[in-house]
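Peer 1: Sharing my_file16.txt below, compact mmCIF, C-alpha atoms:
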# COMPACT_ATOMS: atom_id res chain seq x y z
CA ASP S 1 12.09 -13.53 0.99
CA LEU S 2 13.17 -16.17 -1.51
CA LEU S 3 9.87 -18.06 -1.36
CA GLN S 4 7.80 -14.89 -1.67
CA LYS S 5 9.21 -14.47 -5.20
CA LEU S 6 6.75 -16.55 -7.22
CA PRO S 7 7.13 -17.86 -10.80
CA HIS S 8 5.62 -15.75 -13.60
CA LYS S 9 5.57 -18.33 -16.41
CA ILE S 10 5.75 -22.08 -16.96
CA GLU S 11 7.81 -24.15 -19.35
CA VAL S 12 6.51 -27.47 -20.65
CA ARG S 13 9.03 -30.11 -21.71
CA ALA S 14 7.85 -33.31 -23.35
CA PHE S 15 9.87 -36.52 -23.41
CA VAL S 16 9.87 -37.70 -27.02
CA PRO S 17 11.23 -41.06 -28.20
CA ASN S 18 11.40 -39.85 -31.84
CA LEU S 19 12.12 -36.41 -33.29
CA GLU S 20 9.02 -36.16 -35.46
CA MET S 21 6.96 -35.90 -32.27
CA GLY S 22 9.27 -33.18 -30.92
CA THR S 23 8.49 -30.51 -33.53
CA HIS S 24 5.12 -29.79 -31.87
CA HIS S 25 6.73 -28.72 -28.58
CA ASP S 26 8.68 -25.62 -27.49
CA LYS S 27 11.10 -27.73 -25.43
CA ILE S 28 11.80 -31.44 -25.59
CA THR S 29 13.79 -34.03 -23.69
CA THR S 30 15.12 -37.07 -25.54
CA LEU S 31 17.77 -39.79 -25.53
CA VAL S 32 20.61 -39.52 -28.08
CA ASP S 33 23.35 -41.90 -29.19
CA VAL S 34 26.53 -39.87 -29.75
CA VAL S 35 28.16 -40.70 -33.12
CA SER S 36 30.88 -38.10 -33.78
CA HIS S 37 32.30 -34.64 -33.00
CA LYS S 38 33.24 -31.94 -35.49
CA SER S 39 34.85 -28.60 -34.65
CA GLY S 40 34.85 -25.61 -37.03
CA SER S 41 37.64 -23.06 -37.51
CA TYR S 42 38.89 -20.97 -34.61
CA HIS S 43 37.03 -17.92 -35.90
CA GLN S 44 33.73 -19.84 -36.18
CA ARG S 45 34.15 -21.29 -32.68
CA ARG S 46 31.48 -23.83 -33.65
CA HIS S 47 31.34 -27.40 -32.37
CA GLU S 48 28.89 -29.94 -33.78
CA VAL S 49 27.95 -33.28 -32.24
CA GLN S 50 26.34 -35.76 -34.61
CA CYS S 51 23.81 -37.97 -32.82
CA LEU S 52 21.07 -40.46 -33.53
CA VAL S 53 17.61 -40.47 -31.97
CA ASP S 54 15.92 -43.76 -32.77
CA SER S 55 18.10 -43.95 -35.92
CA VAL S 56 17.19 -40.39 -37.02
CA PRO S 57 20.16 -37.95 -37.27
CA LEU S 58 20.27 -34.98 -34.91
CA SER S 59 22.93 -32.27 -34.99
CA VAL S 60 23.68 -30.76 -31.56
CA VAL S 61 25.47 -27.42 -32.05
CA PHE S 62 27.60 -25.38 -29.64
CA PHE S 63 29.44 -22.06 -30.02
CA HIS S 64 32.06 -20.05 -28.14
CA GLY S 65 34.69 -22.78 -27.86
CA TYR S 66 32.68 -25.42 -25.98
CA GLY S 67 34.35 -28.25 -27.97
CA GLN S 68 36.65 -29.76 -25.32
CA HIS S 69 34.02 -29.51 -22.59
CA ILE S 70 31.31 -31.10 -24.76
CA ALA S 71 33.57 -33.92 -25.91
CA HIS S 72 33.92 -34.86 -22.23
CA LYS S 73 30.15 -34.60 -21.52
CA MET S 74 29.08 -36.39 -24.72
CA PRO S 75 31.74 -39.03 -25.54
CA CYS S 76 31.32 -40.99 -28.78
CA GLY S 77 29.39 -44.24 -28.34
CA GLN S 78 27.62 -42.93 -25.23
CA THR S 79 23.84 -42.58 -24.77
CA CYS S 80 22.88 -39.21 -23.21
CA LEU S 81 19.75 -37.44 -22.09
CA ILE S 82 19.52 -33.95 -23.59
CA SER S 83 16.88 -31.24 -23.25
CA GLY S 84 16.33 -28.05 -25.25
CA SER S 85 14.66 -26.44 -28.26
CA LEU S 86 14.36 -28.61 -31.35
CA GLU S 87 14.60 -27.07 -34.83
CA LYS S 88 13.83 -28.71 -38.17
CA ARG S 89 15.64 -27.32 -41.19
CA GLY S 90 14.41 -29.03 -44.32
CA SER S 91 14.76 -32.70 -43.55
CA THR S 92 17.41 -32.33 -40.84
CA TYR S 93 16.98 -31.81 -37.09
CA GLN S 94 19.12 -29.52 -34.96
CA MET S 95 19.39 -28.48 -31.30
CA VAL S 96 21.55 -25.43 -30.45
CA HIS S 97 23.04 -25.24 -26.96
CA PRO S 98 20.84 -27.72 -25.05
CA ASP S 99 19.66 -26.61 -21.60
CA PHE S 100 20.77 -29.92 -20.14
CA ILE S 101 23.05 -32.86 -20.93
CA GLY S 102 23.06 -35.79 -18.53
CA ALA S 103 21.99 -39.31 -17.72
CA LEU S 104 18.68 -41.15 -18.11
CA THR S 105 18.22 -40.92 -14.34
CA ASP S 106 17.58 -37.15 -14.76
CA LYS S 107 14.59 -37.78 -17.05
CA GLU S 108 11.96 -36.92 -14.43
CA GLN S 109 13.64 -33.60 -13.57
CA TRP S 110 13.75 -32.56 -17.24
CA THR S 111 10.28 -33.68 -18.26
CA GLY S 112 6.92 -32.06 -17.56
CA VAL S 113 6.05 -28.55 -16.32
CA SER S 114 8.73 -26.29 -14.82
CA PRO S 115 8.27 -22.82 -13.28
CA LEU S 116 10.09 -19.80 -14.71
CA TYR S 117 11.20 -16.87 -12.54
CA GLY S 118 12.41 -13.36 -13.23
CA LEU S 119 16.17 -13.82 -12.85
CA THR S 120 19.26 -11.66 -13.03
CA ALA S 121 22.48 -12.11 -15.01
CA GLY S 122 24.55 -15.10 -13.92
CA LEU S 123 21.65 -17.00 -12.35
CA SER S 124 20.15 -19.92 -14.29
CA HIS S 125 16.70 -21.44 -13.88
CA THR S 126 18.29 -24.81 -13.18
CA HIS S 127 20.20 -23.43 -10.21
CA TYR S 128 17.36 -21.22 -9.01
CA ARG S 129 14.79 -24.05 -9.06
CA LYS S 130 17.22 -26.17 -7.04
CA ILE S 131 17.46 -23.43 -4.40
CA ILE S 132 13.64 -23.12 -4.32
CA ARG S 133 13.24 -26.90 -3.84
CA GLN S 134 15.70 -26.83 -0.93
CA ALA S 135 13.86 -23.89 0.65
CA LEU S 136 10.45 -25.56 0.27
CA GLN S 137 11.76 -28.59 2.19
CA LYS S 138 12.56 -26.34 5.16
CA ILE S 139 9.09 -24.80 5.55
CA PRO S 140 7.60 -25.73 8.94
CA ASN S 141 3.93 -26.51 9.56
CA LEU S 142 3.00 -23.30 11.38
CA PRO S 143 -0.14 -22.90 13.48
CA GLU S 144 -2.96 -21.45 11.33
CA TRP S 145 -3.68 -17.72 11.77
CA ILE S 146 -6.64 -17.39 9.39
CA PRO S 147 -10.11 -18.21 10.80
CA GLU S 148 -11.49 -21.60 9.76
CA SER S 149 -14.58 -19.90 8.29
CA LEU S 150 -12.46 -18.01 5.75
CA LEU S 151 -10.39 -21.06 4.84
CA THR S 152 -13.56 -23.04 4.19
CA HIS S 153 -15.33 -20.25 2.28
CA TYR S 154 -12.44 -19.62 -0.12
CA GLN S 155 -11.17 -23.24 -0.09
CA TRP S 156 -7.70 -22.12 0.94
CA GLY S 157 -5.04 -24.59 2.04
CA SER S 158 -2.45 -23.99 4.73
CA TRP S 159 0.32 -21.42 4.28
CA LYS S 160 2.87 -24.21 3.65
CA HIS S 161 0.64 -26.00 1.15
CA SER S 162 -0.14 -22.74 -0.67
CA LEU S 163 3.56 -21.89 -1.05
CA GLU S 164 4.33 -25.39 -2.36
CA GLN S 165 1.50 -25.12 -4.89
CA ALA S 166 2.53 -21.62 -6.00
CA HIS S 167 6.05 -22.85 -6.80
CA THR S 168 4.88 -25.96 -8.65
CA PRO S 169 2.28 -24.66 -11.13
CA LEU S 170 0.91 -27.25 -13.55
CA SER S 171 -0.84 -24.81 -15.90
CA GLU S 172 -1.04 -21.13 -16.87
CA ALA S 173 -4.19 -20.84 -14.71
CA ALA S 174 -2.09 -21.66 -11.62
CA LEU S 175 -0.07 -18.46 -12.25
CA ALA S 176 -3.12 -16.17 -12.21
CA PRO S 177 -3.86 -13.94 -9.17
CA THR S 178 -7.19 -15.80 -8.90
CA ALA S 179 -5.45 -19.14 -8.29
CA THR S 180 -6.44 -20.42 -4.83
CA CYS S 181 -2.87 -20.70 -3.56
CA ARG S 182 -1.98 -17.16 -4.68
CA GLN S 183 -5.16 -15.72 -3.17
CA ARG S 184 -4.23 -17.23 0.17
CA LEU S 185 -0.67 -15.84 0.03
CA ALA S 186 -1.92 -12.39 -1.04
CA PHE S 187 -4.39 -12.38 1.88
CA ASP S 188 -1.56 -13.29 4.29
CA GLU S 189 0.53 -10.38 3.02
CA LEU S 190 -2.26 -7.81 3.25
CA PHE S 191 -3.51 -9.17 6.58
CA ALA S 192 -0.02 -8.95 8.11
CA HIS S 193 0.39 -5.41 6.76
CA GLN S 194 -2.94 -4.25 8.20
CA LEU S 195 -2.23 -5.96 11.51
CA SER S 196 1.15 -4.26 11.85
CA LEU S 197 -0.44 -0.87 11.05
CA GLN S 198 -3.11 -1.45 13.72
CA GLN S 199 -0.48 -2.43 16.29
CA ARG S 200 1.57 0.63 15.42
CA ARG S 201 -1.48 2.90 15.68
CA ARG S 202 -2.44 1.36 19.03
CA ASN S 203 1.06 1.98 20.39
CA TRP S 204 0.99 5.49 18.96
CA ASP S 205 -2.39 6.26 20.55
CA ARG S 206 -1.10 5.06 23.91
CA GLY S 207 1.80 7.53 23.76
CA SER S 208 1.73 11.05 25.10
CA GLY S 209 2.25 14.04 22.83
CA LYS S 210 2.55 17.78 23.10
CA GLN S 211 -0.74 19.67 23.21
CA PHE S 212 -1.05 22.65 20.88
CA LYS S 213 -4.40 24.14 21.82
CA GLY S 214 -3.63 27.59 20.37
CA THR S 215 -5.18 30.99 21.09
CA GLU S 216 -6.83 31.66 17.69
CA GLN S 217 -5.10 35.07 17.63
CA LEU S 218 -2.66 34.43 14.75
CA ARG S 219 -5.19 32.41 12.80
CA ALA S 220 -7.87 35.10 13.09
CA GLN S 221 -5.50 37.77 11.77
CA THR S 222 -4.41 35.52 8.89
CA ARG S 223 -7.99 34.74 7.86
CA LYS S 224 -8.63 38.49 7.42
CA ASN S 225 -5.68 38.70 4.97
CA LEU S 226 -6.81 35.80 2.78
CA GLY S 227 -9.25 37.71 0.59
CA PHE S 228 -11.55 34.68 0.37
CA ARG S 229 -13.72 32.50 2.62
CA LEU S 230 -12.68 28.95 3.38
CA THR S 231 -14.87 26.20 1.94
CA ALA S 232 -17.02 23.93 4.08
CA GLY S 233 -14.56 21.08 3.43
CA GLN S 234 -11.58 23.17 4.53
CA GLU S 235 -13.39 24.30 7.68
CA GLU S 236 -14.37 20.72 8.47
CA ILE S 237 -10.80 19.40 8.28
CA LEU S 238 -9.45 22.41 10.20
CA THR S 239 -11.88 21.65 13.04
CA LEU S 240 -10.62 18.06 13.10
CA LEU S 241 -6.96 19.11 13.01
CA THR S 242 -7.55 21.71 15.74
CA GLN S 243 -8.97 18.99 18.00
CA GLU S 244 -6.16 16.51 17.22
CA LEU S 245 -3.38 19.07 17.68
CA GLY S 246 -4.90 20.06 21.02
CA ALA S 247 -5.28 16.46 22.23
CA PRO S 248 -2.82 14.85 24.70
CA THR S 249 -2.06 11.96 22.29
CA PRO S 250 0.17 12.32 19.20
CA MET S 251 -1.58 13.14 15.91
CA MET S 252 -1.29 10.72 12.97
CA ARG S 253 -3.03 12.30 10.01
CA LEU S 254 -2.70 12.16 6.22
CA LEU S 255 -4.57 14.92 4.40
CA GLN S 256 -5.32 14.21 0.74
CA GLY S 257 -6.86 16.57 -1.80
CA ASP S 258 -6.87 17.51 -5.47
CA VAL S 259 -4.71 20.30 -6.87
CA GLY S 260 -6.25 23.63 -5.82
CA SER S 261 -8.40 22.13 -3.06
CA GLY S 262 -6.71 24.22 -0.36
CA LYS S 263 -4.26 21.87 1.34
CA THR S 264 -1.67 24.65 1.68
CA ILE S 265 -3.91 27.10 3.55
CA VAL S 266 -5.03 24.27 5.85
CA ALA S 267 -1.37 23.45 6.52
CA LEU S 268 -0.52 27.10 7.20
CA LEU S 269 -3.39 27.59 9.66
CA SER S 270 -2.40 24.35 11.43
CA LEU S 271 1.18 25.61 11.68
CA LEU S 272 -0.11 28.86 13.21
CA GLN S 273 -2.01 26.87 15.86
CA VAL S 274 1.28 25.25 16.88
CA ILE S 275 3.05 28.64 16.90
CA GLU S 276 0.25 30.12 19.06
CA SER S 277 1.02 27.37 21.55
CA GLY S 278 4.73 28.23 21.68
CA GLY S 279 5.93 25.64 19.16
CA GLN S 280 7.69 25.77 15.80
CA GLY S 281 6.87 24.21 12.46
CA VAL S 282 8.14 23.14 9.05
CA LEU S 283 6.39 23.14 5.67
CA LEU S 284 8.27 20.65 3.49
CA VAL S 285 7.47 20.65 -0.26
CA PRO S 286 8.87 18.56 -3.16
CA THR S 287 10.26 21.28 -5.46
CA GLU S 288 12.11 24.57 -5.16
CA ILE S 289 9.55 26.33 -7.39
CA LEU S 290 6.70 25.28 -5.10
CA ALA S 291 8.63 26.33 -1.98
CA THR S 292 9.30 29.76 -3.51
CA GLN S 293 5.63 30.14 -4.51
CA HIS S 294 4.44 29.28 -0.99
CA HIS S 295 6.92 31.70 0.52
CA ALA S 296 5.66 34.50 -1.74
CA ARG S 297 1.99 33.79 -0.94
CA PHE S 298 2.67 33.65 2.79
CA LYS S 299 4.00 37.23 2.60
CA GLN S 300 0.47 38.24 1.60
CA PHE S 301 -1.38 35.95 4.01
CA LEU S 302 0.81 36.86 7.01
CA LYS S 303 0.91 40.59 6.41
CA ALA S 304 1.05 42.35 9.81
CA VAL S 305 0.79 38.95 11.57
CA PRO S 306 3.49 38.73 14.29
CA VAL S 307 5.27 35.59 13.07
CA THR S 308 8.76 35.04 11.65
CA TRP S 309 9.63 32.54 8.95
CA ALA S 310 12.25 31.78 6.31
CA LEU S 311 12.75 29.96 2.99
CA LEU S 312 15.41 27.24 2.79
CA THR S 313 16.26 25.27 -0.37
CA GLY S 314 19.34 23.67 -1.91
CA LYS S 315 20.22 26.99 -3.53
CA THR S 316 20.09 29.01 -0.31
CA PRO S 317 23.58 30.55 0.26
CA ALA S 318 25.62 28.89 3.03
CA LYS S 319 25.71 32.05 5.14
CA GLU S 320 21.92 32.41 4.96
CA LYS S 321 21.46 28.72 5.78
CA LYS S 322 23.58 29.16 8.88
CA THR S 323 21.47 32.12 10.00
CA ILE S 324 18.24 30.13 9.47
CA LYS S 325 19.58 27.15 11.45
CA GLU S 326 20.64 29.41 14.29
CA GLY S 327 17.22 31.14 14.25
CA LEU S 328 15.43 27.80 14.44
CA ALA S 329 17.68 26.60 17.26
CA ALA S 330 17.23 29.82 19.22
CA GLY S 331 13.47 29.93 18.64
CA THR S 332 13.51 33.31 16.91
CA LEU S 333 12.11 31.70 13.75
CA ASP S 334 8.55 30.39 14.12
CA PHE S 335 8.57 28.23 11.01
CA VAL S 336 10.52 27.46 7.86
CA VAL S 337 9.35 26.66 4.32
CA GLY S 338 11.61 24.60 2.07
CA THR S 339 12.54 21.54 0.05
CA HIS S 340 14.19 18.30 1.19
CA ALA S 341 17.30 20.39 1.87
CA LEU S 342 15.56 20.92 5.23
CA LEU S 343 16.17 17.31 6.14
How does this structure look as C-alpha cells?

Peer 2:
Amino acid sequence: DLLQKLPHKIEVRAFVPNLEMGTHHDKITTLVDVVSHKSGSYHQRRHEVQCLVDSVPLSVVFFHGYGQHIAHKMPCGQTCLISGSLEKRGSTYQMVHPDFIGALTDKEQWTGVSPLYGLTAGLSHTHYRKIIRQALQKIPNLPEWIPESLLTHYQWGSWKHSLEQAHTPLSEAALAPTATCRQRLAFDELFAHQLSLQQRRRNWDRGSGKQFKGTEQLRAQTRKNLGFRLTAGQEEILTLLTQELGAPTPMMRLLQGDVGSGKTIVALLSLLQVIESGGQGVLLVPTEILATQHHARFKQFLKAVPVTWALLTGKTPAKEKKTIKEGLAAGTLDFVVGTHALL
C-alpha cells in the first residue's frame, strides 16, 4: 500500500559553492561557516545565525524559540551543510528555517532531484522518503505475469524496476501517466482488477441459484394497467431478465439507463416474476421522495393485481415498521419499497 502511493511532484536542489549562483534555484544546498548567534526578544521568538558562504554573509533565521536547539546544531566556528530556500533582500542573503542542517557527508542526499508526496500533518518529506527507500529495498524479484509480447511492445520493465523508477523521478515527464514505469503499474492494477472480477464471475456462474420461472399471470395483469406500451428496449431487457431469473445459476446483472428510460417498470415486472414463483422482493431506492413516488405509482400499476406490498423509510412509525417486518417474515407481504432504512 505504501509503495502504490506515488510522488506527484519533484523538487530540485542544486549544490552551490557561492550564493550568487543560488538565486536561480528554488532550493539550494551549500556549506556555511557559522560566525555568531543572535536571539531577539521573547515576544519576537526570533533566532538569527550569522554565517559565511565563501566569505559572503548569509543570515539563517529561525522562529518559535528554536534558539537553544540551533545553537547546539550550528555551534560557532563549525562548518555545516544546510539546505533550503534562499532569499536575497537588497544586497543581503537570507534563509528562513532550512529544511536540513547537517554534515558534508549528507551532501548527496540533499542535492539533486527529490520526489514530493501528498502528506498529512506531522509527516515530513524527509521521514517519508526514508520509509519509501527502506520499502523499495524489500521488494522481491517476482516472476513476471505480463506476456513478453506486451513488455516488448510497450518497452515496460519488470514490476520491481517500474516501482523503483516511479519513486525516483528525474524530471516532470517521469511523473506523467504516459511515463513507461507508470503505464506498467497502471496496467498491473487494472489487469489484477479484471482478473479478480473474472474469477469471481466464474465462481458465481458455477454456483446454484433459485429458479424464478414465473407464470406470467401477475405481469400480464400489470401490463394492462400501465396505460402505455413498453418500448423495444424495455421488452428486450425484460426477455433477458426473464431468462436469467429462470436459469439455475445465480443472476449477476447491472441495468443502466437514462432518467425516464423505464428502469422502474422493468424492475417491477422482474419483481412480479419472482413473486409468481413464490418468492419475495425488495425495491431499494436512494431517497424517501423517490420511494414515496414509486409507491404511489405502483398503486395504479397494481390495481386489482393480487399482490401485497408496503413502503418503509426512515420516517415510517416504529409500530408500522414492526408490522412490515412481521409481514415479510411470515410471507404475507410479497415485496417492500423503501430507502436504505430497509438494510

Peer 1: What lies within 7 Å of His37 (chain S) using all atoms listed in the file, ignoring chain neighbours under 6 positions off, as a list of chain:residue names?

Peer 2: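 Everything that qualifies: S:Glu48, S:Val49, S:Gln50.
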
Peer 1: So that I can see what lies close to Cys51 (chain S), please list as a ChimeraX atom specification the residues with an atom at most 6 Å from it, counting only C-alpha atoms and leaving out residues fewer than 6 positions away in the same chain.

Peer 2: /S:32-35,57-58

Peer 1: Write to file, as a PDB file, in the coordinates of the input, the residues of the selection just made, with C-alpha atoms.

Peer 2:
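Writing done, so here's out.pdb:
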ATOM      1  CA  VAL S  32      20.610 -39.520 -28.080  1.00  0.00           C
ATOM      2  CA  ASP S  33      23.350 -41.900 -29.190  1.00  0.00           C
ATOM      3  CA  VAL S  34      26.530 -39.870 -29.750  1.00  0.00           C
ATOM      4  CA  VAL S  35      28.160 -40.700 -33.120  1.00  0.00           C
ATOM      5  CA  PRO S  57      20.160 -37.950 -37.270  1.00  0.00           C
ATOM      6  CA  LEU S  58      20.270 -34.980 -34.910  1.00  0.00           C
TER       7      LEU S  58
END

Peer 1: Give me the residues near Thr332 (chain S) as an MDAnalysis selection string, where near means some atom within 12 Å (using only C-alpha atoms) and where sequence neighbours in that chain fewer than 6 positions away do not count.

Peer 2: chainID S and resid 275 278:280 306:310 323:326

Peer 1: Please indicate the distance in Å from CA of Glu320 (chain S) to CA of Pro286 (chain S), rounded to one decimal place.

Peer 2: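 Pair CA of Glu320 (chain S) / CA of Pro286 (chain S) returns 20.7 Å.
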
Peer 1: Please list as a VMD selection string every residue within 10 Å of Ser261 (chain S), counting only C-alpha atoms and excluding residues in the same chain fewer than 3 positions away.

Peer 2: chain S and resid 231 233 to 234 256 to 258 264 to 266
